[in-house]
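Take a look at the structure below.
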Amino acid sequence: MATFEGGCACGAVRYRLASEPMIVHCCHCTDCQQQTGGGFAVNALIETNRIEMLGETPVAISMPTESGRPHDIHRCAKCQVAVWSDYGRRPALRFVRATTLDKPHALSPDVHIFTRSKLPWVGLPPGVPAFDVYYDVAEVWRPESLARREAMLAGG
């Protein structure tokens, strides 16, 4: 089983993903653009119980959102690097910033979302699904990821 290690810039927060994520999003929404200071965020969706802490635990910072739903960004208390998010305060799920991995190229996006607000100079790779807003999970996710999602939602 694949594992991936990562952390913040100063090294205080260190983590290991104990498996592949369920899916990797490249999100082009304006919230992600503003909060990262970049054109998009690359988020690896994984169950919280598959994240092993190897260093300090990041601190949750509540962020405003266009939708009004809760969004907590978990940041290193020292260097303030965002290592993952919790959208909607779902404690069983994390959106790990894939670019905080020691090998940020190890996970590439499975899908591009909120491309309606994609910056015009950002190109999308051919063959990777892209959606103006979001998508139907049952149509996009791999069967094994759907099974993991169902188990997570059921509390397993």
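Residues are referred to by chain and number: the chain letter is A, B, ... according to the order shown in the structure tokens, the number counts from 1 in that chain, and ligands are numbered separately from 1 in the order shown.
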
Any chance you could tabulate, as a tab-separated table, the residues of range 94-123 of chain A at most 10 Å from range 40-64 of chain A with each one's nearest atom pair and distance in Å to one decimal, using only C-alpha atoms, in chain and rising number order?
residue	atom	partner	partner_atom	distance
A:Arg94	CA	A:Ile46	CA	5.6
A:Phe95	CA	A:Leu45	CA	4.6
A:Val96	CA	A:Ala44	CA	5.0
A:Arg97	CA	A:Asn43	CA	4.8
A:Ala98	CA	A:Asn43	CA	5.6
A:Thr99	CA	A:Val42	CA	6.9
A:Thr100	CA	A:Val42	CA	9.7
A:Pro104	CA	A:Val42	CA	9.8
A:Leu107	CA	A:Ala44	CA	7.9
A:Ser108	CA	A:Val42	CA	8.2
A:Pro109	CA	A:Val42	CA	6.9
A:Asp110	CA	A:Ala44	CA	9.5
A:Val111	CA	A:Val42	CA	9.9
A:His112	CA	A:Val42	CA	9.1
A:Ile113	CA	A:Phe40	CA	9.7
A:Phe114	CA	A:Phe40	CA	9.6
A:Thr115	CA	A:Phe40	CA	9.7
A:Ser117	CA	A:Phe40	CA	9.8
A:Lys118	CA	A:Phe40	CA	7.8
A:Leu119	CA	A:Phe40	CA	8.7
A:Val122	CA	A:Phe40	CA	9.2

Write out, as a PDB file, in the first residue's frame, the residues just selected, with C-alpha atoms.
ATOM      1  CA  ARG A  94      -9.613  15.934   5.250  1.00  0.00           C
ATOM      2  CA  PHE A  95      -8.635  17.753   2.068  1.00  0.00           C
ATOM      3  CA  VAL A  96      -4.846  17.475   2.256  1.00  0.00           C
ATOM      4  CA  ARG A  97      -2.916  20.088   0.287  1.00  0.00           C
ATOM      5  CA  ALA A  98      -1.083  17.724  -2.059  1.00  0.00           C
ATOM      6  CA  THR A  99       1.654  20.291  -2.606  1.00  0.00           C
ATOM      7  CA  THR A 100       2.691  19.926   1.053  1.00  0.00           C
ATOM      8  CA  PRO A 104       4.358  17.128  -4.428  1.00  0.00           C
ATOM      9  CA  LEU A 107      -0.362  12.906  -6.688  1.00  0.00           C
ATOM     10  CA  SER A 108      -1.821  14.514  -9.763  1.00  0.00           C
ATOM     11  CA  PRO A 109      -5.401  15.779 -10.054  1.00  0.00           C
ATOM     12  CA  ASP A 110      -8.097  13.271 -11.004  1.00  0.00           C
ATOM     13  CA  VAL A 111     -10.536  16.093 -11.722  1.00  0.00           C
ATOM     14  CA  HIS A 112     -10.649  19.888 -12.090  1.00  0.00           C
ATOM     15  CA  ILE A 113     -13.550  21.651 -10.355  1.00  0.00           C
ATOM     16  CA  PHE A 114     -14.981  25.172 -10.361  1.00  0.00           C
ATOM     17  CA  THR A 115     -13.362  25.858 -13.718  1.00  0.00           C
ATOM     18  CA  SER A 117     -13.583  30.816 -12.210  1.00  0.00           C
ATOM     19  CA  LYS A 118     -10.346  29.345 -13.561  1.00  0.00           C
ATOM     20  CA  LEU A 119      -7.794  32.013 -14.349  1.00  0.00           C
ATOM     21  CA  VAL A 122      -4.196  28.367 -16.544  1.00  0.00           C
TER      22      VAL A 122
END

Problem - Every residue of range 88-142 of chain A that DSSP places in alpha helix (DSSP H), as a PyMOL selection string - result: chain A and resi 137-140

Exercise for the section: Fewer than 2 positions away in the same chain doesn't count, so skip those; otherwise give me all residues within 12 Å of Arg148 in chain A, counting only C-alpha atoms, as an MDAnalysis selection string. Expected result: chainID A and resid 19:23 45:50 92:93 141:146 150:156

Restrict the selected residues to C-alpha atoms and save them as a PDB file, in the first residue's frame.
ATOM      1  CA  SER A  19      -2.958   5.095   1.728  1.00  0.00           C
ATOM      2  CA  GLU A  20      -3.759   6.653  -1.613  1.00  0.00           C
ATOM      3  CA  PRO A  21      -6.407   9.375  -1.315  1.00  0.00           C
ATOM      4  CA  MET A  22      -9.954   8.667  -2.477  1.00  0.00           C
ATOM      5  CA  ILE A  23      -9.625  11.336  -5.181  1.00  0.00           C
ATOM      6  CA  LEU A  45      -9.405  13.786  -0.171  1.00  0.00           C
ATOM      7  CA  ILE A  46      -8.658  11.189   2.477  1.00  0.00           C
ATOM      8  CA  GLU A  47     -10.186   9.824   5.641  1.00  0.00           C
ATOM      9  CA  THR A  48      -8.827  11.531   8.758  1.00  0.00           C
ATOM     10  CA  ASN A  49      -8.022   8.150  10.322  1.00  0.00           C
ATOM     11  CA  ARG A  50      -5.618   7.505   7.430  1.00  0.00           C
ATOM     12  CA  ALA A  92     -13.816  12.045   9.352  1.00  0.00           C
ATOM     13  CA  LEU A  93     -12.575  13.709   6.118  1.00  0.00           C
ATOM     14  CA  TRP A 141     -15.017   8.403  -8.367  1.00  0.00           C
ATOM     15  CA  ARG A 142     -13.419   4.962  -8.716  1.00  0.00           C
ATOM     16  CA  PRO A 143     -15.496   2.091  -7.231  1.00  0.00           C
ATOM     17  CA  GLU A 144     -12.978   1.464  -4.426  1.00  0.00           C
ATOM     18  CA  SER A 145     -13.055   5.162  -3.498  1.00  0.00           C
ATOM     19  CA  LEU A 146     -16.854   5.141  -3.449  1.00  0.00           C
ATOM     20  CA  GLU A 150     -19.605   5.047   2.083  1.00  0.00           C
ATOM     21  CA  ALA A 151     -17.695   3.439   4.975  1.00  0.00           C
ATOM     22  CA  MET A 152     -16.509   6.850   6.162  1.00  0.00           C
ATOM     23  CA  LEU A 153     -20.011   8.347   5.994  1.00  0.00           C
ATOM     24  CA  ALA A 154     -21.346   5.332   7.902  1.00  0.00           C
ATOM     25  CA  GLY A 155     -18.756   5.928  10.615  1.00  0.00           C
ATOM     26  CA  GLY A 156     -16.550   2.979   9.692  1.00  0.00           C
TER      27      GLY A 156
END

Problem - Using only C-alpha atoms: which of A:Leu101, A:Thr3, A:Ala147, A:Val24 has the shortest distance to Ala82 in chain A - result: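 Smallest distance to Ala82 in chain A is found for A:Leu101.
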
Practice task
Identify which of the residues A:Pro91, A:Arg16, A:Gly37, A:His25 lies closest to Pro129 in chain A, counting only C-alpha atoms when measuring atom-to-atom distances.
Solution key: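 Among the listed residues, the smallest separation from Pro129 in chain A belongs to A:His25.
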
Practice task
For each of A:Glu66, A:Cys27, A:Ala77, A:Asp72, take the minimum atom-to-atom distance to Cys10 in chain A, counting only C-alpha atoms, then give the residue where this is smallest.
Solution key: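 Of the candidates, the smallest distance to Cys10 in chain A is held by A:Ala77.
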
Practice task
Go through A:Leu17, A:Cys26, A:Ala138, A:Ala9 one by one, measure the shortest atom-to-atom distance of each to Gln80 in chain A using only C-alpha atoms, and give the residue with the smallest value.
Solution key: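 Closest candidate: A:Ala9.
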
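From CA of Ser85 in chain A back to CA of Leu124 in chain A, the distance works out to 23.5 Å.
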
Exercise for the section: Run DSSP on the backbone of this structure and report the residues of chain A it assigns to strand (DSSP E or B), as a ChimeraX atom specification. Expected result: /A:4-7,14-17,23-27,41-47,51-53,59-63,71-75,82-87,93-97,101,111-113,130

Mind dumping the selected residues with N, CA and C atoms as a compact mmCIF listing (two decimals), in the first residue's frame?
# COMPACT_ATOMS: atom_id res chain seq x y z
N PHE A 4 2.46 8.34 1.73
CA PHE A 4 3.01 9.63 1.32
C PHE A 4 3.26 10.44 2.57
N GLU A 5 4.44 11.05 2.66
CA GLU A 5 4.75 11.91 3.80
C GLU A 5 4.84 13.35 3.36
N GLY A 6 4.53 14.25 4.30
CA GLY A 6 4.60 15.66 4.00
C GLY A 6 4.61 16.49 5.26
N GLY A 7 4.52 17.80 5.08
CA GLY A 7 4.52 18.69 6.22
C GLY A 7 4.58 20.14 5.80
N ARG A 14 4.36 17.43 10.65
CA ARG A 14 4.73 16.32 9.76
C ARG A 14 3.60 15.31 9.80
N TYR A 15 3.31 14.72 8.64
CA TYR A 15 2.24 13.73 8.57
C TYR A 15 2.57 12.66 7.54
N ARG A 16 1.85 11.56 7.63
CA ARG A 16 1.94 10.48 6.64
C ARG A 16 0.53 10.09 6.25
N LEU A 17 0.28 10.01 4.94
CA LEU A 17 -0.98 9.46 4.45
C LEU A 17 -0.77 7.95 4.37
N ILE A 23 -9.65 10.59 -3.93
CA ILE A 23 -9.63 11.34 -5.18
C ILE A 23 -8.78 12.59 -4.94
N VAL A 24 -8.25 13.15 -6.01
CA VAL A 24 -7.49 14.39 -5.92
C VAL A 24 -8.18 15.44 -6.79
N HIS A 25 -8.58 16.53 -6.16
CA HIS A 25 -9.22 17.66 -6.84
C HIS A 25 -8.21 18.75 -7.12
N CYS A 26 -8.34 19.38 -8.26
CA CYS A 26 -7.69 20.66 -8.50
C CYS A 26 -8.84 21.66 -8.54
N CYS A 27 -8.93 22.49 -7.50
CA CYS A 27 -10.05 23.40 -7.35
C CYS A 27 -9.66 24.81 -7.78
N ALA A 41 -6.06 25.23 -5.83
CA ALA A 41 -5.57 24.38 -4.75
C ALA A 41 -5.69 22.93 -5.21
N VAL A 42 -4.70 22.12 -4.88
CA VAL A 42 -4.73 20.69 -5.20
C VAL A 42 -4.97 19.95 -3.89
N ASN A 43 -6.16 19.35 -3.77
CA ASN A 43 -6.59 18.71 -2.54
C ASN A 43 -6.75 17.21 -2.71
N ALA A 44 -6.07 16.45 -1.87
CA ALA A 44 -6.19 15.00 -1.83
C ALA A 44 -7.21 14.65 -0.75
N LEU A 45 -8.35 14.12 -1.13
CA LEU A 45 -9.41 13.79 -0.17
C LEU A 45 -9.11 12.43 0.45
N ILE A 46 -9.00 12.42 1.77
CA ILE A 46 -8.66 11.19 2.48
C ILE A 46 -9.32 11.18 3.84
N GLU A 47 -9.60 9.98 4.32
CA GLU A 47 -10.19 9.82 5.64
C GLU A 47 -9.18 10.29 6.70
N ILE A 51 -4.57 9.56 8.24
CA ILE A 51 -3.50 10.53 8.38
C ILE A 51 -2.81 10.27 9.70
N GLU A 52 -1.55 9.92 9.64
CA GLU A 52 -0.75 9.67 10.85
C GLU A 52 0.08 10.90 11.13
N MET A 53 -0.06 11.45 12.32
CA MET A 53 0.72 12.62 12.71
C MET A 53 2.12 12.17 13.13
N VAL A 59 -3.20 23.77 13.57
CA VAL A 59 -4.25 24.52 14.24
C VAL A 59 -5.33 24.88 13.22
N ALA A 60 -6.60 24.68 13.58
CA ALA A 60 -7.72 24.99 12.68
C ALA A 60 -8.04 26.48 12.73
N ILE A 61 -8.11 27.09 11.57
CA ILE A 61 -8.48 28.49 11.42
C ILE A 61 -9.76 28.54 10.59
N SER A 62 -10.82 29.13 11.13
CA SER A 62 -12.09 29.21 10.42
C SER A 62 -12.01 30.30 9.35
N MET A 63 -12.45 29.96 8.15
CA MET A 63 -12.39 30.88 7.02
C MET A 63 -13.79 31.20 6.50
N HIS A 71 -15.62 26.28 6.81
CA HIS A 71 -14.38 25.83 6.18
C HIS A 71 -13.24 26.15 7.15
N ASP A 72 -12.63 25.11 7.65
CA ASP A 72 -11.48 25.28 8.54
C ASP A 72 -10.22 24.87 7.81
N ILE A 73 -9.24 25.77 7.80
CA ILE A 73 -7.94 25.46 7.23
C ILE A 73 -7.01 25.15 8.40
N HIS A 74 -6.39 23.99 8.34
CA HIS A 74 -5.47 23.55 9.40
C HIS A 74 -4.06 23.96 9.01
N ARG A 75 -3.47 24.82 9.84
CA ARG A 75 -2.17 25.43 9.55
C ARG A 75 -1.17 25.12 10.65
N ALA A 82 -0.69 26.08 5.27
CA ALA A 82 -1.92 25.28 5.29
C ALA A 82 -1.58 23.86 4.84
N VAL A 83 -1.87 22.88 5.69
CA VAL A 83 -1.58 21.49 5.32
C VAL A 83 -2.83 20.72 4.91
N TRP A 84 -4.00 21.10 5.44
CA TRP A 84 -5.25 20.51 4.97
C TRP A 84 -6.43 21.36 5.39
N SER A 85 -7.58 21.02 4.81
CA SER A 85 -8.82 21.72 5.11
C SER A 85 -9.88 20.73 5.54
N ASP A 86 -10.86 21.27 6.25
CA ASP A 86 -12.07 20.54 6.63
C ASP A 86 -13.22 21.40 6.11
N TYR A 87 -13.84 20.96 5.03
CA TYR A 87 -14.97 21.68 4.46
C TYR A 87 -16.24 21.13 5.07
N LEU A 93 -13.12 13.46 7.45
CA LEU A 93 -12.58 13.71 6.12
C LEU A 93 -11.65 14.92 6.12
N ARG A 94 -10.53 14.81 5.42
CA ARG A 94 -9.61 15.93 5.25
C ARG A 94 -9.30 16.12 3.76
N PHE A 95 -9.07 17.37 3.40
CA PHE A 95 -8.64 17.75 2.07
C PHE A 95 -7.17 18.17 2.21
N VAL A 96 -6.27 17.23 2.04
CA VAL A 96 -4.85 17.47 2.26
C VAL A 96 -4.29 18.25 1.06
N ARG A 97 -3.57 19.33 1.36
CA ARG A 97 -2.92 20.09 0.29
C ARG A 97 -1.79 19.22 -0.28
N LEU A 101 3.14 17.66 0.28
CA LEU A 101 3.83 16.37 0.32
C LEU A 101 5.32 16.58 0.06
N VAL A 111 -9.44 15.28 -11.21
CA VAL A 111 -10.54 16.09 -11.72
C VAL A 111 -10.25 17.57 -11.42
N HIS A 112 -10.72 18.43 -12.30
CA HIS A 112 -10.65 19.89 -12.09
C HIS A 112 -12.06 20.38 -11.82
N ILE A 113 -12.22 21.16 -10.73
CA ILE A 113 -13.55 21.65 -10.36
C ILE A 113 -13.56 23.18 -10.29
N ALA A 130 -13.11 17.89 -16.25
CA ALA A 130 -13.19 19.26 -15.74
C ALA A 130 -14.65 19.68 -15.70
